$ cat my_file.pdb   # PDB, C-alpha atoms, pLDDT in the B column
ATOM      1  CA  MET U   1       0.070  20.827  22.793  1.00 51.00           C
ATOM      2  CA  THR U   2      -1.670  21.551  26.066  1.00 61.00           C
ATOM      3  CA  GLY U   3      -1.943  19.344  29.107  1.00 78.00           C
ATOM      4  CA  PRO U   4       0.589  16.931  30.571  1.00 94.00           C
ATOM      5  CA  VAL U   5       2.997  14.884  28.483  1.00 97.00           C
ATOM      6  CA  VAL U   6       2.789  12.021  30.988  1.00 97.00           C
ATOM      7  CA  SER U   7       0.211  11.480  33.680  1.00 97.00           C
ATOM      8  CA  VAL U   8       0.296   8.523  36.066  1.00 97.00           C
ATOM      9  CA  ALA U   9      -2.698   8.233  38.386  1.00 97.00           C
ATOM     10  CA  HIS U  10      -2.792   5.793  41.325  1.00 97.00           C
ATOM     11  CA  ALA U  11      -0.719   3.194  39.466  1.00 96.00           C
ATOM     12  CA  ALA U  12      -0.014  -0.214  40.978  1.00 96.00           C
ATOM     13  CA  VAL U  13       2.152  -3.019  39.562  1.00 95.00           C
ATOM     14  CA  ALA U  14       2.682  -6.506  40.945  1.00 93.00           C
ATOM     15  CA  TYR U  15       4.988  -9.336  39.864  1.00 89.00           C
ATOM     16  CA  ASP U  16       3.646 -12.801  40.745  1.00 86.00           C
ATOM     17  CA  GLU U  17       1.200 -11.109  43.126  1.00 82.00           C
ATOM     18  CA  ARG U  18       4.089  -9.334  44.899  1.00 90.00           C
ATOM     19  CA  PRO U  19       3.426  -5.565  44.936  1.00 92.00           C
ATOM     20  CA  VAL U  20       6.187  -3.536  43.280  1.00 93.00           C
ATOM     21  CA  LEU U  21       4.432  -0.177  42.824  1.00 95.00           C
ATOM     22  CA  ARG U  22       1.714   1.030  45.156  1.00 94.00           C
ATOM     23  CA  ASP U  23      -0.621   3.975  44.420  1.00 95.00           C
ATOM     24  CA  VAL U  24       1.923   5.990  42.414  1.00 96.00           C
ATOM     25  CA  SER U  25       0.890   9.293  40.840  1.00 96.00           C
ATOM     26  CA  LEU U  26       3.190  11.455  38.707  1.00 96.00           C
ATOM     27  CA  THR U  27       2.817  14.208  36.107  1.00 96.00           C
ATOM     28  CA  LEU U  28       5.284  15.566  33.532  1.00 96.00           C
ATOM     29  CA  THR U  29       4.594  18.689  31.501  1.00 95.00           C
ATOM     30  CA  ALA U  30       6.417  19.786  28.358  1.00 95.00           C
ATOM     31  CA  GLY U  31      10.034  20.741  29.058  1.00 94.00           C
ATOM     32  CA  ASP U  32      10.300  18.854  32.349  1.00 95.00           C
ATOM     33  CA  VAL U  33      13.499  16.910  33.017  1.00 96.00           C
ATOM     34  CA  VAL U  34      12.542  14.455  35.758  1.00 96.00           C
ATOM     35  CA  ALA U  35      14.931  11.995  37.378  1.00 95.00           C
ATOM     36  CA  VAL U  36      13.474   8.940  39.100  1.00 95.00           C
ATOM     37  CA  LEU U  37      15.816   7.987  41.928  1.00 93.00           C
ATOM     38  CA  GLY U  38      15.855   5.158  44.435  1.00 90.00           C
ATOM     39  CA  ALA U  39      17.677   2.091  45.681  1.00 88.00           C
ATOM     40  CA  ASN U  40      17.965  -1.074  43.604  1.00 85.00           C
ATOM     41  CA  GLY U  41      14.675  -2.944  43.728  1.00 86.00           C
ATOM     42  CA  SER U  42      12.718   0.127  44.841  1.00 90.00           C
ATOM     43  CA  GLY U  43      10.523   0.029  41.724  1.00 92.00           C
ATOM     44  CA  LYS U  44      11.978   2.976  39.821  1.00 92.00           C
ATOM     45  CA  SER U  45      12.595   1.089  36.551  1.00 91.00           C
ATOM     46  CA  THR U  46       9.229  -0.624  36.906  1.00 93.00           C
ATOM     47  CA  LEU U  47       7.645   2.830  37.047  1.00 95.00           C
ATOM     48  CA  ILE U  48       8.926   3.909  33.641  1.00 93.00           C
ATOM     49  CA  ARG U  49       8.227   0.501  32.146  1.00 93.00           C
ATOM     50  CA  ALA U  50       4.635   0.874  33.369  1.00 95.00           C
ATOM     51  CA  VAL U  51       4.478   4.316  31.731  1.00 95.00           C
ATOM     52  CA  LEU U  52       5.470   2.730  28.411  1.00 95.00           C
ATOM     53  CA  GLY U  53       3.169  -0.268  28.760  1.00 94.00           C
ATOM     54  CA  LEU U  54       6.044  -2.765  29.033  1.00 93.00           C
ATOM     55  CA  VAL U  55       4.521  -4.112  32.242  1.00 93.00           C
ATOM     56  CA  PRO U  56       0.774  -4.232  32.955  1.00 93.00           C
ATOM     57  CA  LEU U  57      -0.909  -2.111  35.589  1.00 95.00           C
ATOM     58  CA  ALA U  58      -2.751  -3.871  38.388  1.00 95.00           C
ATOM     59  CA  ALA U  59      -4.577  -0.611  39.112  1.00 95.00           C
ATOM     60  CA  GLY U  60      -4.578   3.022  38.068  1.00 97.00           C
ATOM     61  CA  GLU U  61      -4.084   4.683  34.682  1.00 96.00           C
ATOM     62  CA  VAL U  62      -1.330   6.158  32.513  1.00 97.00           C
ATOM     63  CA  THR U  63      -2.012   8.933  30.004  1.00 97.00           C
ATOM     64  CA  LEU U  64       0.459   9.929  27.266  1.00 97.00           C
ATOM     65  CA  PHE U  65       0.044  13.284  25.510  1.00 96.00           C
ATOM     66  CA  GLY U  66      -3.554  13.423  26.703  1.00 95.00           C
ATOM     67  CA  THR U  67      -4.475   9.927  25.465  1.00 96.00           C
ATOM     68  CA  PRO U  68      -4.985   6.915  27.748  1.00 95.00           C
ATOM     69  CA  ARG U  69      -1.989   4.666  27.160  1.00 94.00           C
ATOM     70  CA  ARG U  70      -4.122   1.695  26.116  1.00 92.00           C
ATOM     71  CA  ARG U  71      -5.322   3.801  23.147  1.00 94.00           C
ATOM     72  CA  PHE U  72      -2.055   5.620  22.458  1.00 94.00           C
ATOM     73  CA  ARG U  73      -0.604   4.878  19.001  1.00 92.00           C
ATOM     74  CA  GLN U  74       1.758   7.810  18.285  1.00 93.00           C
ATOM     75  CA  TRP U  75       4.872   6.010  19.515  1.00 91.00           C
ATOM     76  CA  TRP U  76       7.177   8.090  17.283  1.00 91.00           C
ATOM     77  CA  ARG U  77       6.634  10.870  19.825  1.00 95.00           C
ATOM     78  CA  ILE U  78       8.541   8.836  22.429  1.00 95.00           C
ATOM     79  CA  GLY U  79      12.177   7.726  22.374  1.00 94.00           C
ATOM     80  CA  TYR U  80      13.130   4.922  24.760  1.00 93.00           C
ATOM     81  CA  VAL U  81      16.583   3.831  25.879  1.00 90.00           C
ATOM     82  CA  PRO U  82      16.429   0.670  28.012  1.00 87.00           C
ATOM     83  CA  GLN U  83      18.957  -0.329  30.631  1.00 79.00           C
ATOM     84  CA  ARG U  84      22.370  -0.958  29.201  1.00 65.00           C
ATOM     85  CA  ILE U  85      22.215  -4.156  27.176  1.00 59.00           C
ATOM     86  CA  GLY U  86      24.849  -3.422  24.540  1.00 58.00           C
ATOM     87  CA  ALA U  87      23.958  -2.181  21.092  1.00 55.00           C
ATOM     88  CA  GLY U  88      26.093  -4.882  19.510  1.00 56.00           C
ATOM     89  CA  SER U  89      24.622  -7.942  21.191  1.00 58.00           C
ATOM     90  CA  GLY U  90      24.552 -10.333  18.242  1.00 63.00           C
ATOM     91  CA  VAL U  91      23.644  -7.631  15.695  1.00 65.00           C
ATOM     92  CA  PRO U  92      26.087  -7.451  12.724  1.00 79.00           C
ATOM     93  CA  ALA U  93      25.279  -3.807  11.983  1.00 89.00           C
ATOM     94  CA  THR U  94      27.135  -0.542  11.719  1.00 93.00           C
ATOM     95  CA  VAL U  95      26.649   2.322  14.139  1.00 94.00           C
ATOM     96  CA  ALA U  96      24.737   4.298  11.507  1.00 94.00           C
ATOM     97  CA  GLU U  97      22.449   1.332  10.740  1.00 93.00           C
ATOM     98  CA  VAL U  98      21.517   0.925  14.399  1.00 92.00           C
ATOM     99  CA  VAL U  99      20.856   4.650  14.751  1.00 94.00           C
ATOM    100  CA  ALA U 100      18.817   4.675  11.509  1.00 92.00           C
ATOM    101  CA  SER U 101      16.491   2.039  12.964  1.00 90.00           C
ATOM    102  CA  GLY U 102      15.263   4.766  15.302  1.00 90.00           C
ATOM    103  CA  ARG U 103      13.541   6.375  12.294  1.00 87.00           C
ATOM    104  CA  LEU U 104      11.275   3.398  11.573  1.00 82.00           C
ATOM    105  CA  ALA U 105       8.433   4.388  13.895  1.00 76.00           C
ATOM    106  CA  ARG U 106       8.302   7.835  12.294  1.00 72.00           C
ATOM    107  CA  ARG U 107       8.599   6.954   8.589  1.00 66.00           C
ATOM    108  CA  GLY U 108       7.136   3.416   8.555  1.00 66.00           C
ATOM    109  CA  VAL U 109       8.834   0.174   7.617  1.00 62.00           C
ATOM    110  CA  LEU U 110       7.871   0.143   3.939  1.00 65.00           C
ATOM    111  CA  ARG U 111       9.019   3.623   2.937  1.00 69.00           C
ATOM    112  CA  PRO U 112      12.732   3.862   2.087  1.00 72.00           C
ATOM    113  CA  PRO U 113      14.826   6.376   4.019  1.00 72.00           C
ATOM    114  CA  GLY U 114      14.904   9.876   2.562  1.00 77.00           C
ATOM    115  CA  ARG U 115      16.948  13.022   3.064  1.00 85.00           C
ATOM    116  CA  ALA U 116      15.185  13.890   6.327  1.00 86.00           C
ATOM    117  CA  ASP U 117      16.003  10.433   7.712  1.00 87.00           C
ATOM    118  CA  ARG U 118      19.678  10.689   6.743  1.00 90.00           C
ATOM    119  CA  THR U 119      19.923  14.177   8.224  1.00 93.00           C
ATOM    120  CA  ALA U 120      18.321  13.067  11.497  1.00 93.00           C
ATOM    121  CA  VAL U 121      20.742  10.128  11.788  1.00 94.00           C
ATOM    122  CA  ALA U 122      23.759  12.357  11.122  1.00 94.00           C
ATOM    123  CA  GLU U 123      22.575  14.929  13.673  1.00 93.00           C
ATOM    124  CA  ALA U 124      21.968  12.226  16.307  1.00 93.00           C
ATOM    125  CA  LEU U 125      25.460  10.789  15.768  1.00 95.00           C
ATOM    126  CA  ARG U 126      26.997  14.239  16.132  1.00 92.00           C
ATOM    127  CA  ALA U 127      24.971  14.871  19.277  1.00 91.00           C
ATOM    128  CA  VAL U 128      26.506  11.861  21.044  1.00 91.00           C
ATOM    129  CA  GLY U 129      29.993  12.358  19.604  1.00 91.00           C
ATOM    130  CA  LEU U 130      30.039   9.311  17.325  1.00 93.00           C
ATOM    131  CA  ALA U 131      29.950  10.895  13.857  1.00 94.00           C
ATOM    132  CA  ASP U 132      33.437   9.519  13.147  1.00 94.00           C
ATOM    133  CA  ARG U 133      32.311   5.959  13.982  1.00 94.00           C
ATOM    134  CA  ALA U 134      29.201   5.862  11.767  1.00 94.00           C
ATOM    135  CA  GLY U 135      30.517   3.151   9.449  1.00 94.00           C
ATOM    136  CA  ASP U 136      32.097   0.982  12.146  1.00 94.00           C
ATOM    137  CA  PRO U 137      30.506  -2.285  13.329  1.00 92.00           C
ATOM    138  CA  VAL U 138      28.726  -1.666  16.635  1.00 91.00           C
ATOM    139  CA  ALA U 139      30.473  -4.695  18.101  1.00 89.00           C
ATOM    140  CA  THR U 140      33.827  -2.868  17.855  1.00 90.00           C
ATOM    141  CA  LEU U 141      32.681  -0.049  20.173  1.00 90.00           C
ATOM    142  CA  SER U 142      33.273   0.190  23.896  1.00 87.00           C
ATOM    143  CA  GLY U 143      30.354  -0.343  26.256  1.00 86.00           C
ATOM    144  CA  GLY U 144      29.976   3.402  26.748  1.00 87.00           C
ATOM    145  CA  GLN U 145      30.022   4.024  23.000  1.00 90.00           C
ATOM    146  CA  GLN U 146      27.397   1.315  22.474  1.00 89.00           C
ATOM    147  CA  GLN U 147      25.208   3.046  25.042  1.00 88.00           C
ATOM    148  CA  ARG U 148      25.707   6.335  23.192  1.00 90.00           C
ATOM    149  CA  THR U 149      24.620   4.527  20.005  1.00 92.00           C
ATOM    150  CA  LEU U 150      21.342   3.524  21.673  1.00 91.00           C
ATOM    151  CA  ILE U 151      20.805   7.112  22.807  1.00 92.00           C
ATOM    152  CA  ALA U 152      21.481   8.360  19.272  1.00 94.00           C
ATOM    153  CA  ARG U 153      18.977   5.774  18.021  1.00 93.00           C
ATOM    154  CA  ALA U 154      16.310   7.317  20.260  1.00 93.00           C
ATOM    155  CA  LEU U 155      17.266  10.883  19.274  1.00 94.00           C
ATOM    156  CA  ALA U 156      17.159  10.048  15.553  1.00 93.00           C
ATOM    157  CA  GLY U 157      13.414   9.534  15.801  1.00 92.00           C
ATOM    158  CA  GLN U 158      13.109  13.192  16.853  1.00 93.00           C
ATOM    159  CA  PRO U 159      10.800  12.392  19.774  1.00 95.00           C
ATOM    160  CA  GLU U 160       9.078  14.885  22.023  1.00 96.00           C
ATOM    161  CA  LEU U 161       9.634  12.701  25.107  1.00 97.00           C
ATOM    162  CA  LEU U 162      12.795  10.756  25.952  1.00 96.00           C
ATOM    163  CA  VAL U 163      12.510   7.924  28.472  1.00 96.00           C
ATOM    164  CA  LEU U 164      15.841   6.545  29.678  1.00 93.00           C
ATOM    165  CA  ASP U 165      16.571   3.741  32.139  1.00 92.00           C
ATOM    166  CA  GLU U 166      19.917   4.331  33.894  1.00 89.00           C
ATOM    167  CA  PRO U 167      21.553   5.638  30.713  1.00 86.00           C
ATOM    168  CA  THR U 168      24.940   6.412  32.286  1.00 82.00           C
ATOM    169  CA  ALA U 169      25.252   3.450  34.669  1.00 80.00           C
ATOM    170  CA  GLY U 170      28.620   1.763  34.413  1.00 78.00           C
ATOM    171  CA  VAL U 171      29.805   3.711  31.338  1.00 82.00           C
ATOM    172  CA  ASP U 172      33.021   5.715  31.101  1.00 84.00           C
ATOM    173  CA  ALA U 173      33.267   9.381  32.041  1.00 87.00           C
ATOM    174  CA  ALA U 174      33.671  10.521  28.423  1.00 86.00           C
ATOM    175  CA  SER U 175      30.435   8.783  27.446  1.00 86.00           C
ATOM    176  CA  GLN U 176      28.629  10.253  30.463  1.00 88.00           C
ATOM    177  CA  ASP U 177      29.746  13.735  29.448  1.00 89.00           C
ATOM    178  CA  ALA U 178      28.772  13.139  25.801  1.00 88.00           C
ATOM    179  CA  PHE U 179      25.355  11.934  26.874  1.00 88.00           C
ATOM    180  CA  ALA U 180      24.833  14.950  29.153  1.00 91.00           C
ATOM    181  CA  GLU U 181      25.677  17.261  26.249  1.00 90.00           C
ATOM    182  CA  ALA U 182      23.266  15.422  23.920  1.00 90.00           C
ATOM    183  CA  LEU U 183      20.517  15.635  26.514  1.00 92.00           C
ATOM    184  CA  ARG U 184      21.200  19.340  26.993  1.00 92.00           C
ATOM    185  CA  GLY U 185      20.638  19.878  23.269  1.00 91.00           C
ATOM    186  CA  PHE U 186      17.422  17.851  23.324  1.00 93.00           C
ATOM    187  CA  VAL U 187      16.056  19.834  26.269  1.00 94.00           C
ATOM    188  CA  SER U 188      17.038  23.200  24.772  1.00 93.00           C
ATOM    189  CA  GLY U 189      14.930  22.244  21.753  1.00 91.00           C
ATOM    190  CA  GLY U 190      11.858  21.844  23.971  1.00 92.00           C
ATOM    191  CA  GLY U 191      12.104  18.116  24.698  1.00 95.00           C
ATOM    192  CA  THR U 192      10.757  16.427  27.824  1.00 96.00           C
ATOM    193  CA  VAL U 193      12.817  13.822  29.695  1.00 96.00           C
ATOM    194  CA  LEU U 194      11.966  11.057  32.153  1.00 97.00           C
ATOM    195  CA  LEU U 195      15.018   9.125  33.301  1.00 95.00           C
ATOM    196  CA  VAL U 196      15.880   6.574  35.931  1.00 93.00           C
ATOM    197  CA  ALA U 197      19.200   7.087  37.669  1.00 88.00           C
ATOM    198  CA  HIS U 198      21.060   5.591  40.566  1.00 81.00           C
ATOM    199  CA  GLU U 199      23.016   8.825  40.752  1.00 78.00           C
ATOM    200  CA  LEU U 200      23.117  11.838  38.486  1.00 86.00           C
ATOM    201  CA  GLY U 201      26.781  12.701  37.897  1.00 85.00           C
ATOM    202  CA  PRO U 202      27.100  15.095  34.933  1.00 87.00           C
ATOM    203  CA  LEU U 203      23.316  15.073  34.452  1.00 89.00           C
ATOM    204  CA  ALA U 204      22.685  16.848  37.756  1.00 89.00           C
ATOM    205  CA  THR U 205      22.610  20.372  36.302  1.00 90.00           C
ATOM    206  CA  LEU U 206      19.963  19.355  33.749  1.00 92.00           C
ATOM    207  CA  ILE U 207      17.442  17.913  36.189  1.00 94.00           C
ATOM    208  CA  SER U 208      14.475  20.148  36.971  1.00 93.00           C
ATOM    209  CA  ARG U 209      12.807  17.728  39.377  1.00 95.00           C
ATOM    210  CA  ALA U 210      13.546  14.512  41.234  1.00 95.00           C
ATOM    211  CA  VAL U 211      11.138  11.735  42.159  1.00 95.00           C
ATOM    212  CA  VAL U 212      12.400   9.313  44.789  1.00 94.00           C
ATOM    213  CA  VAL U 213      10.812   5.857  44.827  1.00 94.00           C
ATOM    214  CA  HIS U 214      11.049   3.917  48.078  1.00 93.00           C
ATOM    215  CA  GLU U 215       9.493   0.480  48.541  1.00 91.00           C
ATOM    216  CA  GLY U 216       7.147   1.024  45.613  1.00 92.00           C
ATOM    217  CA  LYS U 217       5.859   4.437  46.660  1.00 94.00           C
ATOM    218  CA  ILE U 218       6.901   7.995  45.838  1.00 95.00           C
ATOM    219  CA  ALA U 219       8.705   9.278  48.907  1.00 93.00           C
ATOM    220  CA  HIS U 220       9.743  12.622  47.417  1.00 93.00           C
ATOM    221  CA  ASP U 221       8.750  14.741  44.409  1.00 94.00           C
ATOM    222  CA  GLY U 222      10.575  18.041  44.152  1.00 94.00           C
ATOM    223  CA  ALA U 223      14.109  19.431  44.247  1.00 91.00           C
ATOM    224  CA  VAL U 224      16.997  17.009  43.739  1.00 88.00           C
ATOM    225  CA  PRO U 225      17.972  15.711  47.195  1.00 82.00           C
ATOM    226  CA  GLU U 226      21.569  15.959  48.339  1.00 76.00           C
ATOM    227  CA  PRO U 227      23.532  12.690  48.079  1.00 65.00           C
ATOM    228  CA  ALA U 228      24.113  10.894  51.338  1.00 54.00           C
ATOM    229  CA  GLY U 229      26.318   8.125  52.659  1.00 44.00           C
ATOM    230  CA  HIS U 230      28.820   6.463  50.312  1.00 41.00           C
ATOM    231  CA  HIS U 231      27.106   8.040  47.279  1.00 44.00           C
ATOM    232  CA  ALA U 232      28.420  11.403  48.479  1.00 42.00           C
ATOM    233  CA  ALA U 233      32.010  10.202  48.430  1.00 40.00           C
ATOM    234  CA  PRO U 234      34.212  11.651  45.655  1.00 40.00           C
ATOM    235  CA  GLY U 235      34.650   9.266  42.771  1.00 43.00           C
ATOM    236  CA  HIS U 236      31.787   6.960  43.740  1.00 44.00           C
ATOM    237  CA  ASP U 237      30.565   5.191  40.626  1.00 42.00           C
ATOM    238  CA  HIS U 238      27.489   3.077  40.010  1.00 40.00           C
ATOM    239  CA  VAL U 239      28.570  -0.494  39.327  1.00 37.00           C
ATOM    240  CA  HIS U 240      25.964  -2.218  41.465  1.00 37.00           C
ATOM    241  CA  PRO U 241      24.040  -5.168  40.027  1.00 35.00           C
ATOM    242  CA  HIS U 242      20.396  -4.548  39.231  1.00 36.00           C
ATOM    243  CA  ALA U 243      17.619  -6.455  40.908  1.00 36.00           C
ATOM    244  CA  PRO U 244      16.117  -9.109  38.602  1.00 34.00           C
ATOM    245  CA  GLU U 245      12.780  -7.365  38.259  1.00 35.00           C
ATOM    246  CA  GLU U 246      14.537  -4.149  37.231  1.00 35.00           C
ATOM    247  CA  SER U 247      16.355  -5.551  34.204  1.00 32.00           C
ATOM    248  CA  VAL U 248      15.120  -5.118  30.655  1.00 31.00           C
ATOM    249  CA  GLY U 249      16.154  -7.475  27.870  1.00 29.00           C
ATOM    250  CA  MET U 250      14.660  -5.690  24.893  1.00 27.00           C
ATOM    251  CA  TRP U 251      15.201  -2.770  22.559  1.00 28.00           C
ATOM    252  CA  GLY U 252      11.957  -1.144  23.578  1.00 32.00           C
ATOM    253  CA  GLY U 253       9.167   0.465  21.629  1.00 31.00           C
TER     254      GLY U 253
END
$ encode --input "my_file.pdb" --output "structure tokens"
Amino acid sequence: MTGPVVSVAHAAVAYDERPVLRDVSLTLTAGDVVAVLGANGSGKSTLIRAVLGLVPLAAGEVTLFGTPRRRFRQWWRIGYVPQRIGAGSGVPATVAEVVASGRLARRGVLRPPGRADRTAVAEALRAVGLADRAGDPVATLSGGQQQRTLIARALAGQPELLVLDEPTAGVDAASQDAFAEALRGFVSGGGTVLLVAHELGPLATLISRAVVVHEGKIAHDGAVPEPAGHHAAPGHDHVHPHAPEESVGMWGG
């Protein structure tokens, strides 16, 4: 494939006529690992939701793999992990069943799972360190393990682009480390990553570029900036509540 994986040109988003993103442009090429950083309410989650078409653009255009997003249909090429909502929220399913649902976009709903599907699910579970929990009900997992299940679900689809919204926020250190290792494997295989983060933690060494969103505009696009203020303090963890417009109550596409 040639050309950018993601291209955002002069994008604007408004909620109830209140501007949230203003004239945002961003490009990802194959192999990029881009972190979108910014304060709560800055618009960083809105940016990736606009990329995926989960919120409408008021202006501008998004292109995915060279195709305008409004015409893009190859959604199996993209894996999406929304903000932490819990993989077991009312779903009486096992870990393996949730992860296997990540294969649906690739194989289609009507075709039964085959060997390739089972192999992809097993590999995704190993990647996030949950192979030994495959048969357990998701509801019995910790919050961090449920988040790892959602990441495995995205990986099982074998996407070319992973889009993640604060994947390590509020989860335990072991799950953060497991996620960083899974992401490292995805990137080493040629994958492209766009993730929103409040802070990077164990992901910092993987990030090739940082985009800082401030008041709906891109204030920085380049090297990862040094942490400042209380975020630089040892042991600081992200447990801050998200702004209402930044929350996502869906599994994603």
$ residues_around --input "my_file.pdb" --residues "segment 158-175 of chain U" --least-positions-apart "5" --cutoff "6 Å" --atoms "only C-alpha atoms" --output "short mmCIF file (atom, residue, chain, number, x, y, z; two decimals) with C-alpha atoms, keeping the file's coordinate frame"
data_model
loop_
_atom_site.label_atom_id
_atom_site.label_comp_id
_atom_site.auth_asym_id
_atom_site.auth_seq_id
_atom_site.Cartn_x
_atom_site.Cartn_y
_atom_site.Cartn_z
CA ARG U 77 6.63 10.87 19.82
CA ILE U 78 8.54 8.84 22.43
CA GLY U 79 12.18 7.73 22.37
CA TYR U 80 13.13 4.92 24.76
CA VAL U 81 16.58 3.83 25.88
CA PRO U 82 16.43 0.67 28.01
CA GLN U 83 18.96 -0.33 30.63
CA GLY U 144 29.98 3.40 26.75
CA GLY U 191 12.10 18.12 24.70
CA THR U 192 10.76 16.43 27.82
CA VAL U 193 12.82 13.82 29.70
CA LEU U 194 11.97 11.06 32.15
CA LEU U 195 15.02 9.12 33.30
CA VAL U 196 15.88 6.57 35.93
CA ALA U 197 19.20 7.09 37.67
CA HIS U 238 27.49 3.08 40.01
CA VAL U 239 28.57 -0.49 39.33
#
$ axis_aligned_box --input "my_file.pdb" --around "segment 117-135 of chain U" --padding-each-side "5 Å" --output "lines of an AutoDock Vina configuration file"
center_x = 24.7
center_y = 9.0
center_z = 13.9
size_x = 27.4
size_y = 21.8
size_z = 24.3
$ closest_residue --input "my_file.pdb" --among "U:Tyr15, U:Phe179, U:Phe186, U:Trp75" --to "Leu104 of chain U" --atoms "all atoms listed in the file"
U:Trp75
$ resolve_selection --input "my_file.pdb" --expression "the PyMOL selection byres ((chain U and resi 203) around 9)" --output "list in words"
Gln176, Asp177, Phe179, Ala180, Glu181, Leu183, Arg184, Glu199, Leu200, Gly201, Pro202, Ala204, Thr205, Leu206 and Ile207 of chain U
$ atom_distance --input "my_file.pdb" --atom1 "atom CA of Val99 of chain U" --atom2 "atom CA of Pro68 of chain U"
29.0 Å
